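Below is entry-v3.csv, which holds CSV, C-alpha atoms.
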```
chain,number,residue,atom,x,y,z
A,19,MET,CA,22.5,81.6,5.3
A,20,ASN,CA,18.9,82.8,5.1
A,21,ARG,CA,18.6,86.0,7.1
A,22,SER,CA,15.7,88.4,7.5
A,23,ASN,CA,14.6,91.4,9.5
A,24,ILE,CA,11.2,92.4,10.9
A,25,ALA,CA,10.8,95.9,9.6
A,26,HIS,CA,8.2,98.5,10.9
A,27,ILE,CA,6.2,100.6,8.5
A,28,ILE,CA,5.5,103.1,11.3
A,29,ALA,CA,8.5,102.9,13.6
A,30,ASP,CA,8.0,101.3,17.0
A,31,SER,CA,9.2,104.6,18.6
A,32,PRO,CA,8.1,108.2,17.8
A,33,SER,CA,11.7,109.2,16.9
A,34,GLY,CA,12.2,106.3,14.5
A,35,PRO,CA,11.7,106.2,10.7
A,36,ARG,CA,8.1,107.2,9.9
A,37,GLY,CA,7.5,107.4,13.7
A,38,ASP,CA,4.3,108.8,15.1
A,39,SER,CA,3.7,110.2,18.6
A,40,VAL,CA,0.6,108.0,19.1
A,41,LEU,CA,0.7,105.2,16.5
A,42,SER,CA,4.3,104.1,17.1
A,43,VAL,CA,3.5,102.6,20.5
A,44,LYS,CA,0.0,101.4,19.4
A,45,LEU,CA,1.2,99.5,16.3
A,46,ALA,CA,4.6,98.3,17.6
A,47,SER,CA,3.6,94.7,17.5
A,48,ASP,CA,0.7,94.9,15.0
A,49,PHE,CA,1.1,92.4,12.2
A,50,ASN,CA,-0.3,94.9,9.7
A,51,ASN,CA,2.5,97.3,10.6
A,52,LEU,CA,5.3,94.7,10.0
A,53,MET,CA,7.2,93.6,6.9
A,54,LEU,CA,9.6,90.8,6.6
A,55,MET,CA,12.7,92.2,4.7
A,56,CYS,CA,16.3,91.3,3.9
A,57,TYR,CA,18.9,93.3,5.8
A,58,ASP,CA,19.9,95.5,2.8
A,59,HIS,CA,16.3,96.6,2.0
A,60,HIS,CA,15.4,97.2,5.6
A,61,HIS,CA,18.4,99.5,5.9
A,62,LEU,CA,17.4,101.2,2.6
A,63,ILE,CA,13.8,102.1,3.6
A,64,ASP,CA,14.9,103.4,7.1
A,65,HIS,CA,18.0,105.4,6.0
A,66,GLU,CA,19.2,106.5,2.6
A,67,GLY,CA,15.8,105.7,0.9
A,68,LEU,CA,13.6,107.0,3.7
A,69,THR,CA,12.0,109.8,1.8
A,70,GLU,CA,11.1,107.5,-1.1
A,71,HIS,CA,9.4,105.0,1.2
A,72,PRO,CA,6.7,106.8,3.2
A,73,VAL,CA,3.9,104.9,5.0
A,74,ASP,CA,1.5,104.6,2.1
A,75,VAL,CA,4.2,103.2,-0.3
A,76,LEU,CA,5.3,100.5,2.2
A,77,ARG,CA,1.7,99.6,2.9
A,78,ALA,CA,1.0,99.2,-0.8
A,79,MET,CA,4.2,97.0,-1.1
A,80,LYS,CA,3.0,94.8,1.8
A,81,VAL,CA,-0.4,94.3,0.3
A,82,GLU,CA,0.9,93.4,-3.2
A,83,HIS,CA,3.5,91.0,-1.8
A,84,GLU,CA,1.0,89.2,0.5
A,85,ARG,CA,-1.5,89.0,-2.4
A,86,ARG,CA,1.2,87.4,-4.6
A,87,ILE,CA,2.3,84.9,-1.9
A,88,GLU,CA,-1.3,84.0,-1.1
A,89,THR,CA,-2.0,83.3,-4.8
A,90,VAL,CA,1.1,81.2,-5.3
A,91,SER,CA,0.7,79.2,-2.0
A,92,GLY,CA,-3.0,78.7,-2.6
A,93,ILE,CA,-2.5,76.6,-5.8
A,94,HIS,CA,-3.5,73.0,-5.2
A,95,SER,CA,-0.7,70.5,-5.2
A,96,ASP,CA,-2.2,68.6,-8.1
A,97,ARG,CA,-1.7,71.6,-10.4
A,98,LYS,CA,2.0,70.9,-11.1
A,99,SER,CA,3.1,71.6,-14.7
A,100,ASP,CA,6.3,70.8,-16.5
A,101,VAL,CA,7.6,73.8,-18.5
A,102,LEU,CA,8.6,73.0,-22.1
A,103,ILE,CA,10.5,75.6,-24.0
A,104,TYR,CA,11.2,75.4,-27.7
A,105,THR,CA,12.9,78.0,-29.9
A,106,ALA,CA,14.3,77.8,-33.4
A,107,ARG,CA,15.9,80.4,-35.6
A,108,ILE,CA,13.5,82.6,-37.7
A,109,GLY,CA,15.5,84.1,-40.5
A,110,ASP,CA,18.2,86.2,-38.8
A,111,PHE,CA,16.3,86.3,-35.5
A,112,TYR,CA,17.3,84.1,-32.6
A,113,PRO,CA,14.3,83.9,-30.2
A,114,HIS,CA,14.9,83.5,-26.5
A,115,VAL,CA,12.4,82.4,-23.7
A,116,THR,CA,13.5,82.6,-20.1
A,117,PHE,CA,12.2,80.2,-17.4
A,118,ALA,CA,11.2,83.2,-15.3
A,119,GLU,CA,8.9,84.4,-18.0
A,120,ALA,CA,7.4,81.0,-18.4
A,121,ALA,CA,7.0,80.5,-14.6
A,122,THR,CA,5.1,83.8,-14.3
A,123,ALA,CA,2.6,82.7,-16.9
A,124,VAL,CA,2.1,79.3,-15.4
A,125,LEU,CA,1.4,80.8,-12.0
A,126,ALA,CA,-1.1,83.2,-13.5
A,127,ASN,CA,-2.9,80.1,-14.9
A,128,GLN,CA,-3.3,78.7,-11.4
A,129,ARG,CA,-0.5,76.1,-11.9
A,130,TYR,CA,3.0,76.0,-10.7
A,131,PRO,CA,6.3,74.7,-12.2
A,132,ALA,CA,7.0,71.1,-11.2
A,133,SER,CA,10.8,71.8,-11.4
A,134,SER,CA,13.1,74.8,-11.1
A,135,TYR,CA,14.3,74.1,-14.6
A,136,PRO,CA,12.5,73.9,-18.0
A,137,HIS,CA,12.7,71.1,-20.5
A,138,ASP,CA,14.6,72.8,-23.2
A,139,LEU,CA,13.7,71.3,-26.6
A,140,GLY,CA,15.6,73.6,-28.8
A,141,ARG,CA,18.6,72.6,-30.9
A,142,GLY,CA,20.6,75.8,-30.2
A,143,ASN,CA,21.4,78.7,-32.5
A,144,GLY,CA,23.2,77.1,-35.5
A,145,HIS,CA,24.5,78.9,-38.5
A,146,LEU,CA,21.8,77.6,-40.9
A,147,THR,CA,18.9,79.8,-41.7
A,148,ASP,CA,15.4,78.7,-42.6
A,149,ALA,CA,16.2,79.5,-46.3
A,150,LYS,CA,18.2,76.3,-46.4
A,151,ALA,CA,16.5,72.9,-46.9
A,152,SER,CA,18.9,71.3,-44.5
A,153,PHE,CA,17.7,73.6,-41.7
A,154,TRP,CA,14.2,72.1,-41.9
A,155,GLN,CA,15.6,68.5,-42.1
A,156,GLN,CA,17.8,69.0,-39.1
A,157,GLU,CA,15.2,70.8,-37.0
A,158,GLU,CA,12.6,68.1,-37.7
A,159,GLU,CA,15.0,65.3,-36.9
A,160,HIS,CA,16.0,67.0,-33.7
A,161,LEU,CA,12.5,67.7,-32.6
A,162,ARG,CA,11.2,64.2,-33.2
A,163,ALA,CA,14.3,62.7,-31.4
A,164,ILE,CA,14.1,64.9,-28.3
A,165,ILE,CA,10.4,64.3,-27.9
A,166,ARG,CA,11.0,60.6,-28.3
A,167,GLU,CA,14.0,60.4,-25.9
A,168,ARG,CA,13.4,63.1,-23.3
A,169,ILE,CA,9.6,63.6,-23.2
A,170,ILE,CA,7.9,60.3,-23.9
A,171,PRO,CA,9.9,58.2,-21.3
A,172,PRO,CA,9.1,60.5,-18.2
A,173,TYR,CA,5.5,60.9,-19.3
A,174,THR,CA,5.2,57.1,-19.6
A,175,ARG,CA,6.6,56.8,-16.1
A,176,GLY,CA,4.2,59.4,-14.8
A,177,ASP,CA,6.9,61.9,-14.0
A,178,LEU,CA,5.9,64.5,-16.6
A,179,LYS,CA,3.0,66.6,-15.3
A,180,ALA,CA,0.6,68.5,-17.6
A,181,PRO,CA,3.1,70.2,-20.0
A,182,SER,CA,3.1,74.0,-20.4
A,183,ILE,CA,4.5,74.9,-23.8
A,184,PHE,CA,6.4,78.1,-24.6
A,185,ALA,CA,7.6,78.2,-28.2
A,186,ILE,CA,8.9,80.7,-30.7
A,187,ALA,CA,9.9,79.2,-34.0
A,188,PRO,CA,8.9,79.1,-37.7
A,189,GLN,CA,5.3,78.1,-38.1
A,190,PRO,CA,5.8,74.6,-39.6
A,191,LEU,CA,8.0,73.6,-36.7
A,192,LEU,CA,5.4,74.9,-34.2
A,193,ILE,CA,2.8,72.7,-36.0
A,194,LEU,CA,5.1,69.7,-35.8
A,195,LEU,CA,5.7,70.3,-32.1
A,196,GLY,CA,2.0,70.6,-31.4
A,197,HIS,CA,1.4,67.3,-33.3
A,198,LEU,CA,4.1,65.5,-31.4
A,199,ILE,CA,3.0,66.7,-28.0
A,200,ARG,CA,-0.7,66.2,-28.6
A,201,ASP,CA,0.0,62.5,-29.3
A,202,ILE,CA,1.4,62.2,-25.8
A,203,SER,CA,-0.5,64.5,-23.5
A,204,ALA,CA,-3.0,67.3,-23.3
A,205,ALA,CA,-0.9,70.5,-22.8
A,206,ASP,CA,-1.4,74.2,-22.0
A,207,VAL,CA,-0.1,76.4,-24.8
A,208,TYR,CA,0.9,80.0,-24.2
A,209,GLN,CA,1.2,82.9,-26.5
A,210,ARG,CA,3.8,85.7,-26.1
A,211,HIS,CA,2.0,89.1,-25.9
A,212,ARG,CA,3.6,92.3,-27.2
A,213,GLU,CA,1.0,94.5,-25.5
A,214,PRO,CA,0.5,95.7,-22.8
A,215,LEU,CA,4.1,96.4,-21.9
A,216,PRO,CA,6.2,94.8,-20.7
A,217,PRO,CA,5.7,91.8,-23.0
A,218,GLY,CA,4.8,88.6,-21.3
A,219,TRP,CA,3.2,85.1,-21.7
A,220,ALA,CA,0.4,85.2,-19.2
A,221,TRP,CA,-3.1,84.9,-20.7
A,222,GLN,CA,-5.1,88.1,-20.6
A,223,ASP,CA,-8.9,88.8,-20.3
A,224,HIS,CA,-11.1,87.4,-23.0
A,225,PRO,CA,-12.2,90.0,-25.5
A,226,GLU,CA,-16.0,90.5,-25.1
A,227,GLY,CA,-18.0,89.3,-28.1
A,228,PHE,CA,-15.0,87.7,-29.9
A,229,THR,CA,-15.7,85.3,-32.6
A,230,TYR,CA,-14.0,83.7,-35.7
A,231,ASN,CA,-15.5,84.1,-39.1
A,232,ILE,CA,-15.6,81.2,-41.6
A,233,ASP,CA,-15.7,81.9,-45.4
A,234,ARG,CA,-16.8,78.8,-47.2
A,235,PRO,CA,-16.1,77.9,-50.8
A,236,LYS,CA,-18.9,78.7,-53.3
A,237,GLY,CA,-19.3,75.7,-55.5
A,238,GLU,CA,-15.6,75.2,-56.5
A,239,THR,CA,-14.7,71.6,-57.0
A,240,GLY,CA,-10.9,71.8,-57.0
A,241,PRO,CA,-8.4,70.9,-54.3
A,242,PRO,CA,-9.6,72.0,-50.8
A,243,VAL,CA,-7.5,74.7,-49.1
A,244,LEU,CA,-7.6,75.9,-45.6
A,245,VAL,CA,-6.5,79.6,-45.2
A,246,LEU,CA,-5.9,81.0,-41.7
A,247,ALA,CA,-6.1,84.8,-42.1
A,248,LEU,CA,-5.6,85.8,-38.5
A,249,SER,CA,-2.5,87.9,-38.2
A,250,ALA,CA,-3.0,89.5,-41.6
A,251,PRO,CA,-5.4,89.3,-44.6
A,252,ILE,CA,-4.5,86.8,-47.3
A,253,ALA,CA,-5.5,87.5,-50.9
A,254,ALA,CA,-7.3,84.6,-52.7
A,255,GLU,CA,-5.0,85.1,-55.7
A,256,ARG,CA,-2.0,84.0,-53.7
A,257,VAL,CA,-3.7,80.6,-53.2
A,258,THR,CA,-5.1,80.2,-56.7
A,259,THR,CA,-1.8,80.9,-58.5
A,260,LYS,CA,-0.3,78.0,-56.6
A,261,ILE,CA,-3.2,75.5,-56.3
A,262,GLY,CA,-5.4,76.4,-59.3
A,263,LYS,CA,-8.3,78.7,-60.1
A,264,ASP,CA,-10.8,76.1,-59.1
A,265,ALA,CA,-9.3,75.7,-55.5
A,266,ALA,CA,-12.1,75.3,-52.9
A,267,ILE,CA,-10.9,77.8,-50.3
A,268,TRP,CA,-12.0,77.6,-46.7
A,269,GLN,CA,-10.9,80.7,-44.8
A,270,VAL,CA,-10.9,81.3,-41.1
A,271,THR,CA,-10.4,85.0,-40.2
A,272,ILE,CA,-11.4,87.7,-37.8
A,273,PRO,CA,-12.9,91.2,-38.5
A,274,GLN,CA,-9.5,92.9,-38.2
A,275,PRO,CA,-6.6,90.5,-38.6
A,276,ASN,CA,-3.5,91.6,-36.6
A,277,ASN,CA,-0.4,90.1,-34.9
A,278,ASP,CA,-1.8,90.7,-31.3
A,279,TYR,CA,-5.3,89.4,-31.6
A,280,LEU,CA,-4.8,86.2,-29.5
A,281,LYS,CA,-5.2,87.4,-25.9
A,282,SER,CA,-7.0,84.6,-24.0
A,283,ALA,CA,-7.0,80.9,-23.5
A,284,GLN,CA,-10.7,80.9,-24.5
A,285,GLN,CA,-9.8,82.2,-27.9
A,286,LEU,CA,-7.4,79.3,-28.3
A,287,GLN,CA,-10.2,76.9,-27.2
A,288,GLN,CA,-12.6,78.5,-29.7
A,289,PHE,CA,-10.1,78.0,-32.5
A,290,ARG,CA,-9.6,74.3,-31.7
A,291,GLU,CA,-13.4,73.7,-31.6
A,292,LEU,CA,-13.9,75.6,-34.9
A,293,ILE,CA,-11.1,73.7,-36.7
```
Just give me the structure of the file as C-alpha cells.
Amino acid sequence: MNRSNIAHIIADSPSGPRGDSVLSVKLASDFNNLMLMCYDHHHLIDHEGLTEHPVDVLRAMKVEHERRIETVSGIHSDRKSDVLIYTARIGDFYPHVTFAEAATAVLANQRYPASSYPHDLGRGNGHLTDAKASFWQQEEEHLRAIIRERIIPPYTRGDLKAPSIFAIAPQPLLILLGHLIRDISAADVYQRHREPLPPGWAWQDHPEGFTYNIDRPKGETGPPVLVLALSAPIAAERVTTKIGKDAAIWQVTIPQPNNDYLKSAQQLQQFRELI
C-alpha cells in the first residue's frame, strides 16, 4: 500500500525533535514546516539520524523537492516524448543507457516520457566486434528492421510522440539511425556529457560566443570531401592519401577540438544549419 507520514521540521512540541519553546506551537500546522515522508525516513530524521538533519538541512530538502515536483507537474500535457535507446558494441566496449538517465534529460528539456519504458532499438551484446564485416551487416539489417517494424507503425497510428533519442554506438550506425528516424519524424537528440560529474544526458547552458569554423577548399578540383574535425584535429594528409592529392576538402571545426565540446541543444541546431 502507499503510506506516508506528515513530518515536522520543527517539532510540534518543544520537547520533540528540533523542538523550540516558541516556534513549536506557532508552526505546528504551518505548511512551510511540514514534509510528506515515508515511514522509514520520518523515523530516520527524528531518531538515529537526528543530528544529521537539523532545521536548515530539512528546509533545503523541502525546497529542492517542491521545486522538482513543480517543474515536472508544470510540463504541458502535449509535451509527451517517447524515449528511444540504441546501443551497439564499440570495440570491446558494451555501452549501456538506463531509462532513468534518459527520463531525467527529457524532463530537463521540458518534456516528459510518454511511457514508463523506453523503446530499446539495440540488438544486444553479441560476440562480434566492429572489426568484422558481418558485425556491420547484422547491425544495419537489425536497425532497419526494428525501425520498420516497431517505430513506423506506431508513428503512423499517431501513438509515437516526438521521439527522444539516446544512443551510443559506432559513428556509422549513429548516422544510419539518424537517417532512418529523420525520414519518419522530427526528434530530440541527446548527448552524453562526461563533465560536470556525475555524467548525464541533460543539455547544459550554451557556451557564450560559440561558433563553428569552415575551412573551404582553395581551388582543388578533385573529389569533394567533408571533414568534421570536432572531437579532435584531422591532418589533411590522412584524407589525401586515401582520396588523392587534389581532393577538395571542406572542413568543419572549432577553435579547440575536444570530446566534450557539445554542451547545448543550440550547438546541435547550429551544426544542422551549417551543414
Distance table requested - segment 46-164 of chain A against segment 200-220 of chain A, cut-off 8 Å, all atoms listed in the file: one row per qualifying residue with the closest atom pair and its distance in Å to one decimal, ordered by chain and rising residue number, as a Markdown table.
```
| residue | atom | partner | partner_atom | distance |
| --- | --- | --- | --- | --- |
| A:Glu119 | CA | A:Gly218 | CA | 6.7 |
| A:Ala120 | CA | A:Trp219 | CA | 6.7 |
| A:Thr122 | CA | A:Ala220 | CA | 6.9 |
| A:Ala123 | CA | A:Ala220 | CA | 4.0 |
| A:Val124 | CA | A:Ala220 | CA | 7.2 |
| A:Ala126 | CA | A:Ala220 | CA | 6.2 |
| A:Asn127 | CA | A:Ala220 | CA | 7.4 |
```
For the selection you just gave me, I'd like the residues written to a file as a short mmCIF file (atom, residue, chain, number, x, y, z; two decimals), keeping the file's coordinate frame, keeping C-alpha atoms.
```cif
data_model
loop_
_atom_site.label_atom_id
_atom_site.label_comp_id
_atom_site.auth_asym_id
_atom_site.auth_seq_id
_atom_site.Cartn_x
_atom_site.Cartn_y
_atom_site.Cartn_z
CA GLU A 119 8.90 84.40 -18.00
CA ALA A 120 7.40 81.00 -18.40
CA THR A 122 5.10 83.80 -14.30
CA ALA A 123 2.60 82.70 -16.90
CA VAL A 124 2.10 79.30 -15.40
CA ALA A 126 -1.10 83.20 -13.50
CA ASN A 127 -2.90 80.10 -14.90
#
```
So how far away is atom CA of Ala132 of chain A from atom CA of Thr89 of chain A, in Å?
-> 16.5 Å
Residue nearest Thr105 of chain A among A:Thr259, A:Asn143, A:Ser47, A:Ser282 (counting all atoms listed in the file) = A:Asn143
Counting only C-alpha atoms, what is within 7 Å of Ala265 of chain A, bar same-chain residues fewer than 2 positions away, as a ChimeraX atom specification?
-> /A:238-243,258,261-263,267
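Omitting Pro188 of chain A and its sequence neighbours fewer than 4 positions away, and counting all atoms listed in the file, the residues within 10 Å are Thr105, Ala106, Arg107, Ile108, Gly109, Asp148, Trp154, Leu192 and Ile193 of chain A.
If all atoms listed in the file are the atoms counted, then among A:His26, A:His83, A:His60, A:His65 the closest residue to Leu45 of chain A is A:His26.
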Reconstructed N, CA and C atoms for segment 37-70 of chain A, given as a JSON list (two decimals), in the coordinates of the input:
```json
[["chain", "number", "residue", "atom", "x", "y", "z"],
["A", 37, "GLY", "N", 8.10, 107.53, 12.32],
["A", 37, "GLY", "CA", 7.50, 107.40, 13.70],
["A", 37, "GLY", "C", 6.35, 108.37, 13.85],
["A", 38, "ASP", "N", 5.50, 108.03, 14.84],
["A", 38, "ASP", "CA", 4.30, 108.80, 15.10],
["A", 38, "ASP", "C", 4.12, 108.84, 16.65],
["A", 39, "SER", "N", 3.75, 110.00, 17.18],
["A", 39, "SER", "CA", 3.70, 110.20, 18.60],
["A", 39, "SER", "C", 2.63, 109.22, 19.26],
["A", 40, "VAL", "N", 1.61, 108.84, 18.53],
["A", 40, "VAL", "CA", 0.60, 108.00, 19.10],
["A", 40, "VAL", "C", 0.67, 106.56, 18.48],
["A", 41, "LEU", "N", 0.78, 106.46, 17.15],
["A", 41, "LEU", "CA", 0.70, 105.20, 16.50],
["A", 41, "LEU", "C", 1.94, 104.29, 16.69],
["A", 42, "SER", "N", 3.09, 104.87, 16.95],
["A", 42, "SER", "CA", 4.30, 104.10, 17.10],
["A", 42, "SER", "C", 4.15, 103.05, 18.24],
["A", 43, "VAL", "N", 3.66, 103.48, 19.38],
["A", 43, "VAL", "CA", 3.50, 102.60, 20.50],
["A", 43, "VAL", "C", 2.30, 101.63, 20.25],
["A", 44, "LYS", "N", 1.23, 102.18, 19.68],
["A", 44, "LYS", "CA", 0.00, 101.40, 19.40],
["A", 44, "LYS", "C", 0.23, 100.26, 18.46],
["A", 45, "LEU", "N", 1.06, 100.50, 17.42],
["A", 45, "LEU", "CA", 1.20, 99.50, 16.30],
["A", 45, "LEU", "C", 2.57, 98.79, 16.39],
["A", 46, "ALA", "N", 3.28, 98.90, 17.50],
["A", 46, "ALA", "CA", 4.60, 98.30, 17.60],
["A", 46, "ALA", "C", 4.66, 96.84, 17.28],
["A", 47, "SER", "N", 3.63, 96.11, 17.69],
["A", 47, "SER", "CA", 3.60, 94.70, 17.50],
["A", 47, "SER", "C", 2.43, 94.24, 16.58],
["A", 48, "ASP", "N", 1.81, 95.20, 15.92],
["A", 48, "ASP", "CA", 0.70, 94.90, 15.00],
["A", 48, "ASP", "C", 1.17, 94.28, 13.74],
["A", 49, "PHE", "N", 0.66, 93.10, 13.41],
["A", 49, "PHE", "CA", 1.10, 92.40, 12.20],
["A", 49, "PHE", "C", 0.97, 93.25, 10.95],
["A", 50, "ASN", "N", -0.10, 94.05, 10.88],
["A", 50, "ASN", "CA", -0.30, 94.90, 9.70],
["A", 50, "ASN", "C", 0.67, 96.00, 9.56],
["A", 51, "ASN", "N", 1.48, 96.22, 10.59],
["A", 51, "ASN", "CA", 2.50, 97.30, 10.60],
["A", 51, "ASN", "C", 3.89, 96.69, 10.35],
["A", 52, "LEU", "N", 3.97, 95.37, 10.14],
["A", 52, "LEU", "CA", 5.30, 94.70, 10.00],
["A", 52, "LEU", "C", 5.50, 94.17, 8.63],
["A", 53, "MET", "N", 6.77, 94.19, 8.21],
["A", 53, "MET", "CA", 7.20, 93.60, 6.90],
["A", 53, "MET", "C", 8.42, 92.78, 7.14],
["A", 54, "LEU", "N", 8.46, 91.62, 6.51],
["A", 54, "LEU", "CA", 9.60, 90.80, 6.60],
["A", 54, "LEU", "C", 10.55, 91.17, 5.40],
["A", 55, "MET", "N", 11.76, 91.62, 5.70],
["A", 55, "MET", "CA", 12.70, 92.20, 4.70],
["A", 55, "MET", "C", 14.07, 91.64, 4.86],
["A", 56, "CYS", "N", 14.83, 91.66, 3.79],
["A", 56, "CYS", "CA", 16.30, 91.30, 3.90],
["A", 56, "CYS", "C", 16.96, 92.54, 4.56],
["A", 57, "TYR", "N", 18.17, 92.30, 5.05],
["A", 57, "TYR", "CA", 18.90, 93.30, 5.80],
["A", 57, "TYR", "C", 19.11, 94.59, 4.90],
["A", 58, "ASP", "N", 19.52, 94.38, 3.65],
["A", 58, "ASP", "CA", 19.90, 95.50, 2.80],
["A", 58, "ASP", "C", 18.65, 96.42, 2.54],
["A", 59, "HIS", "N", 17.49, 95.81, 2.27],
["A", 59, "HIS", "CA", 16.30, 96.60, 2.00],
["A", 59, "HIS", "C", 15.71, 97.25, 3.23],
["A", 60, "HIS", "N", 15.86, 96.56, 4.35],
["A", 60, "HIS", "CA", 15.40, 97.20, 5.60],
["A", 60, "HIS", "C", 16.25, 98.43, 5.89],
["A", 61, "HIS", "N", 17.55, 98.33, 5.68],
["A", 61, "HIS", "CA", 18.40, 99.50, 5.90],
["A", 61, "HIS", "C", 18.05, 100.60, 4.87],
["A", 62, "LEU", "N", 17.73, 100.21, 3.64],
["A", 62, "LEU", "CA", 17.40, 101.20, 2.60],
["A", 62, "LEU", "C", 16.17, 102.01, 2.98],
["A", 63, "ILE", "N", 15.07, 101.35, 3.36],
["A", 63, "ILE", "CA", 13.80, 102.10, 3.60],
["A", 63, "ILE", "C", 13.92, 102.95, 4.89],
["A", 64, "ASP", "N", 14.83, 102.61, 5.81],
["A", 64, "ASP", "CA", 14.90, 103.40, 7.10],
["A", 64, "ASP", "C", 16.01, 104.43, 7.04],
["A", 65, "HIS", "N", 16.86, 104.44, 6.02],
["A", 65, "HIS", "CA", 18.00, 105.40, 6.00],
["A", 65, "HIS", "C", 18.08, 106.13, 4.69],
["A", 66, "GLU", "N", 18.96, 105.72, 3.78],
["A", 66, "GLU", "CA", 19.20, 106.50, 2.60],
["A", 66, "GLU", "C", 17.95, 106.59, 1.67],
["A", 67, "GLY", "N", 17.03, 105.62, 1.76],
["A", 67, "GLY", "CA", 15.80, 105.70, 0.90],
["A", 67, "GLY", "C", 14.58, 106.03, 1.71],
["A", 68, "LEU", "N", 14.76, 106.66, 2.85],
["A", 68, "LEU", "CA", 13.60, 107.00, 3.70],
["A", 68, "LEU", "C", 12.57, 107.82, 3.05],
["A", 69, "THR", "N", 13.00, 108.87, 2.36],
["A", 69, "THR", "CA", 12.00, 109.80, 1.80],
["A", 69, "THR", "C", 11.24, 109.14, 0.62],
["A", 70, "GLU", "N", 11.84, 108.14, -0.03],
["A", 70, "GLU", "CA", 11.10, 107.50, -1.10],
["A", 70, "GLU", "C", 10.23, 106.35, -0.61]]
```
